[in-house]
$ cat upload_8.cif   # mmCIF, C-alpha atoms
data_query
loop_
_atom_site.label_atom_id
_atom_site.label_comp_id
_atom_site.auth_asym_id
_atom_site.auth_seq_id
_atom_site.Cartn_x
_atom_site.Cartn_y
_atom_site.Cartn_z
CA MET K 252 -0.93 9.28 9.37
CA LEU K 253 -3.96 8.37 11.50
CA ALA K 254 -5.23 11.88 10.86
CA GLN K 255 -5.49 11.13 7.13
CA ALA K 256 -7.01 7.69 7.72
CA PHE K 257 -10.03 9.16 9.52
CA GLY K 258 -12.12 11.04 6.94
CA PRO K 259 -14.38 13.99 7.84
CA ASN K 260 -17.45 11.80 8.47
CA SER K 261 -15.59 8.89 9.99
CA ILE K 262 -16.20 9.43 13.71
CA SER K 263 -19.77 9.19 14.86
CA HIS K 264 -22.24 8.05 17.52
CA HIS K 265 -24.79 5.30 17.17
CA LEU K 266 -27.55 6.38 19.50
CA THR K 267 -30.22 3.74 18.97
CA SER K 268 -29.83 0.14 20.01
CA THR K 269 -28.94 -2.37 17.34
CA ASP K 270 -27.55 -5.88 16.98
CA TRP K 271 -23.98 -6.84 16.11
CA GLU K 272 -24.49 -6.98 12.33
CA GLY K 273 -26.45 -3.73 12.42
CA ALA K 274 -23.59 -2.09 14.28
CA ILE K 275 -21.05 -3.43 11.75
CA SER K 276 -23.19 -2.06 8.90
CA ALA K 277 -23.40 1.35 10.54
CA ALA K 278 -19.63 1.50 11.15
CA VAL K 279 -18.73 0.41 7.61
CA SER K 280 -21.21 2.93 6.19
CA LEU K 281 -18.97 5.67 7.65
CA LEU K 282 -16.16 4.45 5.37
CA GLU K 283 -18.57 4.61 2.44
CA LEU K 284 -19.67 8.12 3.41
CA ASP K 285 -16.04 9.24 3.10
CA GLN K 286 -15.66 7.40 -0.23
CA ARG K 287 -13.12 4.95 1.15
CA VAL K 288 -15.12 1.91 0.02
CA SER K 289 -17.94 1.09 -2.36
CA SER K 290 -21.12 -0.57 -1.13
CA ASN K 291 -19.88 -4.10 -1.80
CA TYR K 292 -17.27 -3.87 0.99
CA LEU K 293 -19.92 -4.24 3.68
CA SER K 294 -21.05 -7.59 2.32
CA ARG K 295 -17.46 -8.86 2.47
CA VAL K 296 -17.06 -7.65 6.06
CA LEU K 297 -20.30 -9.38 7.09
CA GLU K 298 -19.13 -12.52 5.26
CA ALA K 299 -15.85 -12.49 7.22
CA ASN K 300 -17.82 -12.09 10.45
CA GLN K 301 -20.03 -15.06 9.56
CA LYS K 302 -17.10 -17.20 8.48
CA HIS K 303 -14.76 -16.56 11.40
CA GLY K 304 -17.08 -15.49 14.24
CA PRO K 305 -16.62 -12.28 16.24
CA TYR K 306 -12.83 -12.15 15.88
CA PHE K 307 -13.12 -8.43 15.09
CA VAL K 308 -13.49 -7.97 18.85
CA VAL K 309 -9.85 -7.63 19.85
CA ALA K 310 -9.95 -6.13 23.34
CA PRO K 311 -12.57 -5.56 26.06
CA GLY K 312 -15.29 -3.41 24.48
CA ILE K 313 -13.31 -2.76 21.29
CA ALA K 314 -13.79 -4.22 17.80
CA ILE K 315 -12.27 -3.54 14.37
CA ALA K 316 -14.52 -4.63 11.52
CA HIS K 317 -12.61 -5.20 8.29
CA ALA K 318 -12.18 -7.39 5.22
CA SER K 319 -9.23 -8.10 2.97
CA PRO K 320 -8.17 -5.61 0.25
CA GLY K 321 -10.31 -5.70 -2.88
CA GLU K 322 -11.68 -3.68 -5.79
CA ASP K 323 -14.35 -2.29 -3.47
CA VAL K 324 -11.69 -0.49 -1.42
CA LEU K 325 -11.09 2.95 -2.93
CA GLU K 326 -8.70 4.35 -0.34
CA THR K 327 -7.22 3.05 2.92
CA GLY K 328 -9.28 4.39 5.79
CA MET K 329 -10.57 4.07 9.32
CA ALA K 330 -13.79 4.98 11.04
CA LEU K 331 -15.06 4.82 14.60
CA LEU K 332 -18.63 4.33 15.68
CA ARG K 333 -19.31 4.89 19.38
CA LEU K 334 -22.15 2.57 20.35
CA GLU K 335 -24.04 4.43 23.05
CA ASN K 336 -25.94 1.18 23.63
CA PRO K 337 -23.12 -1.42 23.71
CA VAL K 338 -23.69 -4.49 21.56
CA VAL K 339 -23.20 -8.19 22.22
CA SER K 340 -21.19 -9.99 19.52
CA GLY K 341 -20.60 -13.39 21.08
CA SER K 342 -16.99 -12.61 22.04
CA ALA K 343 -15.49 -12.95 25.52
CA ASN K 344 -14.69 -9.22 25.24
CA ASP K 345 -18.38 -8.20 25.02
CA PRO K 346 -20.16 -5.85 25.14
CA VAL K 347 -18.66 -3.78 22.33
CA SER K 348 -18.90 -0.02 22.69
CA LEU K 349 -16.09 1.17 20.39
CA LEU K 350 -16.54 -0.25 16.90
CA PHE K 351 -13.82 0.71 14.45
CA ALA K 352 -14.08 -0.05 10.74
CA PHE K 353 -10.97 -0.40 8.62
CA CYS K 354 -10.21 -0.87 4.92
CA ALA K 355 -6.90 -1.18 3.07
CA VAL K 356 -6.13 -0.90 -0.64
CA ASP K 357 -3.39 -3.53 -0.46
CA SER K 358 -1.75 -5.76 2.10
CA THR K 359 1.31 -3.63 2.86
CA SER K 360 0.77 0.13 2.60
CA HIS K 361 -1.27 0.38 5.83
CA ILE K 362 1.25 -1.33 8.12
CA ALA K 363 2.76 1.89 9.47
CA LEU K 364 -0.75 3.27 9.98
CA LEU K 365 -1.88 0.27 12.03
CA SER K 366 1.35 0.30 13.98
CA GLN K 367 0.59 3.89 14.98
CA PHE K 368 -2.98 2.88 15.83
CA ALA K 369 -1.74 -0.02 17.97
CA GLU K 370 0.50 2.39 19.85
CA VAL K 371 -2.39 4.75 20.63
CA MET K 372 -4.66 1.88 21.68
CA SER K 373 -2.02 0.15 23.81
CA ASN K 374 -2.07 3.13 26.16
CA ALA K 375 -4.68 2.24 28.79
CA GLY K 376 -5.26 5.93 29.54
CA ASN K 377 -6.20 6.60 25.91
CA VAL K 378 -8.56 3.62 25.83
CA ASN K 379 -10.27 4.70 29.05
CA SER K 380 -10.72 8.20 27.65
CA LEU K 381 -12.17 6.83 24.40
CA LEU K 382 -14.59 4.62 26.34
CA ILE K 383 -15.99 7.47 28.42
CA GLU K 384 -15.57 10.53 26.16
CA SER K 385 -18.71 11.39 24.19
CA ASN K 386 -17.43 14.63 22.66
CA LEU K 387 -16.46 13.56 19.12
CA THR K 388 -13.97 16.39 18.62
CA ILE K 389 -12.05 15.24 21.68
CA VAL K 390 -12.31 11.63 20.48
CA ARG K 391 -10.83 12.64 17.11
CA ASN K 392 -7.99 14.50 18.79
CA LEU K 393 -7.21 11.52 20.98
CA LEU K 394 -6.92 9.27 17.94
CA THR K 395 -5.12 11.55 15.54
CA THR K 396 -2.70 13.72 17.48
CA MET P 63 12.86 -17.56 15.11
CA LYS P 64 9.60 -17.06 13.27
CA ILE P 65 6.31 -16.01 14.83
CA TYR P 66 2.98 -15.71 13.01
CA ALA P 67 0.39 -13.15 14.05
CA VAL P 68 -2.83 -14.50 12.60
CA CYS P 69 -6.24 -13.07 11.71
CA GLY P 70 -9.01 -13.95 9.27
CA ALA P 71 -7.88 -11.65 6.48
CA GLY P 72 -4.22 -11.21 7.42
CA ILE P 73 -4.37 -7.42 7.06
CA GLY P 74 -6.05 -5.90 10.11
CA THR P 75 -6.03 -7.62 13.46
CA SER P 76 -2.92 -9.58 12.57
CA VAL P 77 -1.00 -6.40 11.72
CA LEU P 78 -2.01 -4.86 15.06
CA LEU P 79 -0.94 -8.05 16.81
CA LYS P 80 2.37 -8.09 14.94
CA SER P 81 3.00 -4.46 15.76
CA ASN P 82 2.53 -5.01 19.50
CA ALA P 83 4.42 -8.33 19.47
CA ASP P 84 7.36 -6.49 17.83
CA ARG P 85 7.24 -3.89 20.60
CA VAL P 86 7.15 -6.50 23.36
CA LEU P 87 9.92 -8.63 21.82
CA ALA P 88 12.14 -5.55 21.44
CA SER P 89 11.65 -4.68 25.11
CA LEU P 90 12.43 -8.29 26.05
CA GLY P 91 15.55 -8.15 23.88
CA ILE P 92 14.43 -11.10 21.75
CA GLU P 93 15.06 -11.14 18.03
CA ALA P 94 12.26 -12.66 16.03
CA ASP P 95 10.66 -12.38 12.61
CA VAL P 96 6.97 -11.68 13.28
CA GLN P 97 4.76 -12.02 10.20
CA ALA P 98 1.11 -10.97 9.92
CA VAL P 99 -0.73 -13.70 8.02
CA SER P 100 -4.24 -15.04 7.43
CA VAL P 101 -5.47 -18.31 8.94
CA SER P 102 -5.08 -20.10 5.60
CA ASP P 103 -1.54 -18.75 5.13
CA ALA P 104 -0.59 -19.95 8.62
CA MET P 105 -1.91 -23.42 7.84
CA SER P 106 -0.35 -23.72 4.39
CA ALA P 107 3.03 -22.09 5.00
CA GLU P 108 5.95 -24.33 4.11
CA SER P 109 8.17 -23.26 6.96
CA LEU P 110 6.48 -23.48 10.33
CA ALA P 111 6.54 -20.69 12.84
CA GLN P 112 7.65 -21.58 16.34
CA ILE P 113 4.77 -19.59 17.79
CA VAL P 114 1.36 -18.59 16.43
CA LEU P 115 -0.36 -15.62 18.09
CA ILE P 116 -4.09 -15.58 17.45
CA THR P 117 -7.36 -14.17 18.74
CA PRO P 118 -9.35 -16.82 20.66
CA GLU P 119 -12.24 -16.97 18.15
CA LEU P 120 -9.91 -18.25 15.43
CA GLN P 121 -7.94 -20.68 17.57
CA GLU P 122 -9.96 -23.76 16.65
CA GLN P 123 -9.31 -23.10 12.95
CA ILE P 124 -5.59 -23.62 13.52
CA THR P 125 -5.25 -27.38 13.85
CA GLY P 126 -2.69 -30.00 13.04
CA ILE P 127 0.38 -27.77 13.06
CA ARG P 128 3.33 -28.16 15.39
CA SER P 129 3.63 -24.49 16.31
CA GLU P 130 2.77 -23.40 19.82
CA VAL P 131 -0.56 -21.60 19.46
CA ILE P 132 -1.07 -18.75 21.93
CA PRO P 133 -4.49 -17.07 22.16
CA ILE P 134 -4.37 -13.35 22.90
CA ASP P 135 -7.51 -12.01 24.62
CA ASN P 136 -6.64 -8.32 24.43
CA ILE P 137 -4.30 -7.41 21.58
CA PHE P 138 -3.74 -3.94 23.03
CA ASN P 139 -2.57 -5.25 26.40
CA LEU P 140 1.22 -5.25 26.24
CA GLU P 141 1.43 -6.92 29.67
CA GLU P 142 -0.58 -9.92 28.48
CA LEU P 143 1.64 -10.20 25.38
CA THR P 144 4.78 -9.85 27.47
CA LEU P 145 3.71 -12.54 29.96
CA LYS P 146 2.60 -15.03 27.31
CA LEU P 147 5.56 -14.49 24.98
CA SER P 148 8.16 -14.65 27.72
CA ALA P 149 6.54 -17.81 29.14
CA ALA P 150 6.56 -19.45 25.71
CA LEU P 151 10.15 -18.45 24.97
CA SER P 152 11.71 -19.22 28.33
#
$ encode --input "upload_8.cif" --output "structure tokens"
Amino acid sequence: MLAQAFGPNSISHHLTSTDWEGAISAAVSLLELDQRVSSNYLSRVLEANQKHGPYFVVAPGIAIAHASPGEDVLETGMALLRLENPVVSGSANDPVSLLFAFCAVDSTSHIALLSQFAEVMSNAGNVNSLLIESNLTIVRNLLTT
Amino acid sequence: MKIYAVCGAGIGTSVLLKSNADRVLASLGIEADVQAVSVSDAMSAESLAQIVLITPELQEQITGIRSEVIPIDNIFNLEELTLKLSAALS
């Protein structure tokens, strides 16, 4: 299930330094590259970030940028941007080095997918590997197999 | 017993939180109905949850409800969830 959620372009590095909103934009653009969202989705994600603060940051070094389902979501999907220069968001879990982006077409069909994702990410060994592994093929395998 | 897992949109973080809370409650042998909801849903729901699980950034937006509000710093840390849930339910 996770294997389908991550499109072909969805796992990437961000090599240059950027700020928190720049990092969110870069991560969400991966979803757009795989035609999971249209361009309007990014503005809703940034709006959610401004409204609620950096609550996307859910664990030390790990964030999941997302907005609610909407017409700008074409297909449920996930993406991962590895920030080679970790970014400060204002959260107690800073700095962020693994920035996921997520979009869902409705409020129910992705529950099994996120449950599987939670299981992968609740394994400390997996998280440590994701934090240090820079080979994107290995990163993809860790997340999807 | 009802537990809310809360995030801004009610579809991402809250679902991850619900998923891990379900895992922890099952291992503790506690039966509970964990629902993933948005902040506004948690505030406007007619029937109160006994416990609200929430990420710290959103905690101040949950005010004036009688539920016990528990901030979760690391939603992928099952030990943190286990400690906080078992303390709240004991």
$ resolve_selection --input "upload_8.cif" --expression "the PyMOL selection byres ((chain P) within 7 of (chain K))" --output "ChimeraX atom specification"
/P:70-71,73-74,77-78,81-82,117,119-120,135-140
$ residues_around --input "upload_8.cif" --residues "Ala278 of chain K" --least-positions-apart "6" --cutoff "10 Å" --atoms "all atoms listed in the file" --output "list in words"
Ser261, Ile262, Ser263, His264, His265, Glu272, Leu293, Ile315, Ala316, Met329, Ala330, Leu331, Leu332, Arg333, Leu334, Leu349, Leu350, Phe351, Ala352 and Phe353 of chain K
$ atom_distance --input "upload_8.cif" --atom1 "atom CA of Leu382 of chain K" --atom2 "atom CA of Ala254 of chain K"
19.5 Å
$ atom_distance --input "upload_8.cif" --atom1 "atom CA of Asn386 of chain K" --atom2 "atom CA of Val288 of chain K"
26.1 Å
$ resolve_selection --input "upload_8.cif" --expression "the PyMOL selection byres ((chain P and resi 65) around 8)" --output "list in words"
Met63, Lys64, Tyr66, Ala67, Ala94, Asp95, Val96, Gln97, Ala111, Gln112, Ile113, Val114 and Leu115 of chain P
$ atom_distance --input "upload_8.cif" --atom1 "atom CA of Met105 of chain P" --atom2 "atom CA of Glu93 of chain P"
23.3 Å
$ residues_around --input "upload_8.cif" --residues "Ala149 of chain P" --least-positions-apart "3" --cutoff "12 Å" --atoms "only C-alpha atoms" --output "list in words"
Leu90, Ile113, Glu130, Ile132, Glu142, Leu143, Thr144, Leu145, Lys146 and Ser152 of chain P
$ build_atoms --input "upload_8.cif" --residues "segment 78-89 of chain P" --atoms "all heavy atoms" --output "mmCIF file, in the frame of the given file"
data_model
loop_
_atom_site.group_PDB
_atom_site.id
_atom_site.type_symbol
_atom_site.label_atom_id
_atom_site.label_comp_id
_atom_site.auth_asym_id
_atom_site.auth_seq_id
_atom_site.Cartn_x
_atom_site.Cartn_y
_atom_site.Cartn_z
ATOM 1 N N LEU P 78 -2.034 -5.464 13.725
ATOM 2 C CA LEU P 78 -2.010 -4.860 15.060
ATOM 3 C C LEU P 78 -1.279 -5.773 16.045
ATOM 4 O O LEU P 78 -0.469 -5.329 16.857
ATOM 5 C CB LEU P 78 -3.435 -4.602 15.555
ATOM 6 C CG LEU P 78 -4.239 -3.565 14.768
ATOM 7 C CD1 LEU P 78 -5.705 -3.610 15.175
ATOM 8 C CD2 LEU P 78 -3.685 -2.169 14.984
ATOM 9 N N LEU P 79 -1.572 -7.065 15.932
ATOM 10 C CA LEU P 79 -0.940 -8.050 16.810
ATOM 11 C C LEU P 79 0.567 -8.109 16.562
ATOM 12 O O LEU P 79 1.370 -8.141 17.496
ATOM 13 C CB LEU P 79 -1.603 -9.408 16.537
ATOM 14 C CG LEU P 79 -1.548 -10.529 17.561
ATOM 15 C CD1 LEU P 79 -1.906 -10.046 18.948
ATOM 16 C CD2 LEU P 79 -2.505 -11.653 17.140
ATOM 17 N N LYS P 80 0.943 -8.093 15.295
ATOM 18 C CA LYS P 80 2.370 -8.090 14.940
ATOM 19 C C LYS P 80 3.058 -6.849 15.492
ATOM 20 O O LYS P 80 4.150 -6.930 16.067
ATOM 21 C CB LYS P 80 2.557 -8.130 13.413
ATOM 22 C CG LYS P 80 4.009 -7.868 12.987
ATOM 23 C CD LYS P 80 4.136 -7.568 11.507
ATOM 24 C CE LYS P 80 5.413 -6.802 11.148
ATOM 25 N NZ LYS P 80 6.656 -7.208 11.787
ATOM 26 N N SER P 81 2.404 -5.717 15.332
ATOM 27 C CA SER P 81 3.000 -4.460 15.760
ATOM 28 C C SER P 81 3.284 -4.474 17.268
ATOM 29 O O SER P 81 4.377 -4.103 17.716
ATOM 30 C CB SER P 81 2.023 -3.339 15.391
ATOM 31 O OG SER P 81 2.383 -2.153 15.992
ATOM 32 N N ASN P 82 2.313 -4.964 18.047
ATOM 33 C CA ASN P 82 2.530 -5.010 19.500
ATOM 34 C C ASN P 82 3.490 -6.132 19.893
ATOM 35 O O ASN P 82 4.260 -5.983 20.846
ATOM 36 C CB ASN P 82 1.198 -5.118 20.232
ATOM 37 C CG ASN P 82 0.558 -3.750 20.421
ATOM 38 O OD1 ASN P 82 1.206 -2.733 20.225
ATOM 39 N ND2 ASN P 82 -0.709 -3.731 20.796
ATOM 40 N N ALA P 83 3.463 -7.249 19.176
ATOM 41 C CA ALA P 83 4.420 -8.330 19.470
ATOM 42 C C ALA P 83 5.846 -7.827 19.212
ATOM 43 O O ALA P 83 6.762 -8.100 19.994
ATOM 44 C CB ALA P 83 4.110 -9.553 18.619
ATOM 45 N N ASP P 84 6.040 -7.069 18.118
ATOM 46 C CA ASP P 84 7.360 -6.490 17.830
ATOM 47 C C ASP P 84 7.829 -5.607 18.980
ATOM 48 O O ASP P 84 8.985 -5.662 19.395
ATOM 49 C CB ASP P 84 7.317 -5.658 16.537
ATOM 50 C CG ASP P 84 7.392 -6.525 15.281
ATOM 51 O OD1 ASP P 84 7.887 -7.668 15.368
ATOM 52 O OD2 ASP P 84 6.941 -6.047 14.216
ATOM 53 N N ARG P 85 6.901 -4.780 19.494
ATOM 54 C CA ARG P 85 7.240 -3.890 20.600
ATOM 55 C C ARG P 85 7.668 -4.673 21.841
ATOM 56 O O ARG P 85 8.667 -4.360 22.479
ATOM 57 C CB ARG P 85 6.008 -3.050 20.990
ATOM 58 C CG ARG P 85 5.955 -1.753 20.277
ATOM 59 C CD ARG P 85 4.816 -0.861 20.745
ATOM 60 N NE ARG P 85 4.606 0.063 19.658
ATOM 61 C CZ ARG P 85 3.590 0.045 18.823
ATOM 62 N NH1 ARG P 85 2.591 -0.781 19.017
ATOM 63 N NH2 ARG P 85 3.538 0.877 17.817
ATOM 64 N N VAL P 86 6.874 -5.709 22.156
ATOM 65 C CA VAL P 86 7.150 -6.500 23.360
ATOM 66 C C VAL P 86 8.467 -7.257 23.206
ATOM 67 O O VAL P 86 9.295 -7.286 24.128
ATOM 68 C CB VAL P 86 5.972 -7.469 23.620
ATOM 69 C CG1 VAL P 86 6.369 -8.565 24.576
ATOM 70 C CG2 VAL P 86 4.766 -6.695 24.150
ATOM 71 N N LEU P 87 8.692 -7.856 22.030
ATOM 72 C CA LEU P 87 9.920 -8.630 21.820
ATOM 73 C C LEU P 87 11.145 -7.716 21.898
ATOM 74 O O LEU P 87 12.179 -8.101 22.450
ATOM 75 C CB LEU P 87 9.870 -9.353 20.473
ATOM 76 C CG LEU P 87 8.859 -10.514 20.431
ATOM 77 C CD1 LEU P 87 8.560 -10.915 18.996
ATOM 78 C CD2 LEU P 87 9.371 -11.719 21.222
ATOM 79 N N ALA P 88 11.020 -6.497 21.365
ATOM 80 C CA ALA P 88 12.140 -5.550 21.440
ATOM 81 C C ALA P 88 12.446 -5.219 22.897
ATOM 82 O O ALA P 88 13.612 -5.177 23.308
ATOM 83 C CB ALA P 88 11.804 -4.277 20.654
ATOM 84 N N SER P 89 11.390 -5.032 23.700
ATOM 85 C CA SER P 89 11.650 -4.680 25.110
ATOM 86 C C SER P 89 12.185 -5.877 25.884
ATOM 87 O O SER P 89 12.870 -5.719 26.884
ATOM 88 C CB SER P 89 10.393 -4.106 25.772
ATOM 89 O OG SER P 89 9.429 -5.113 25.947
#
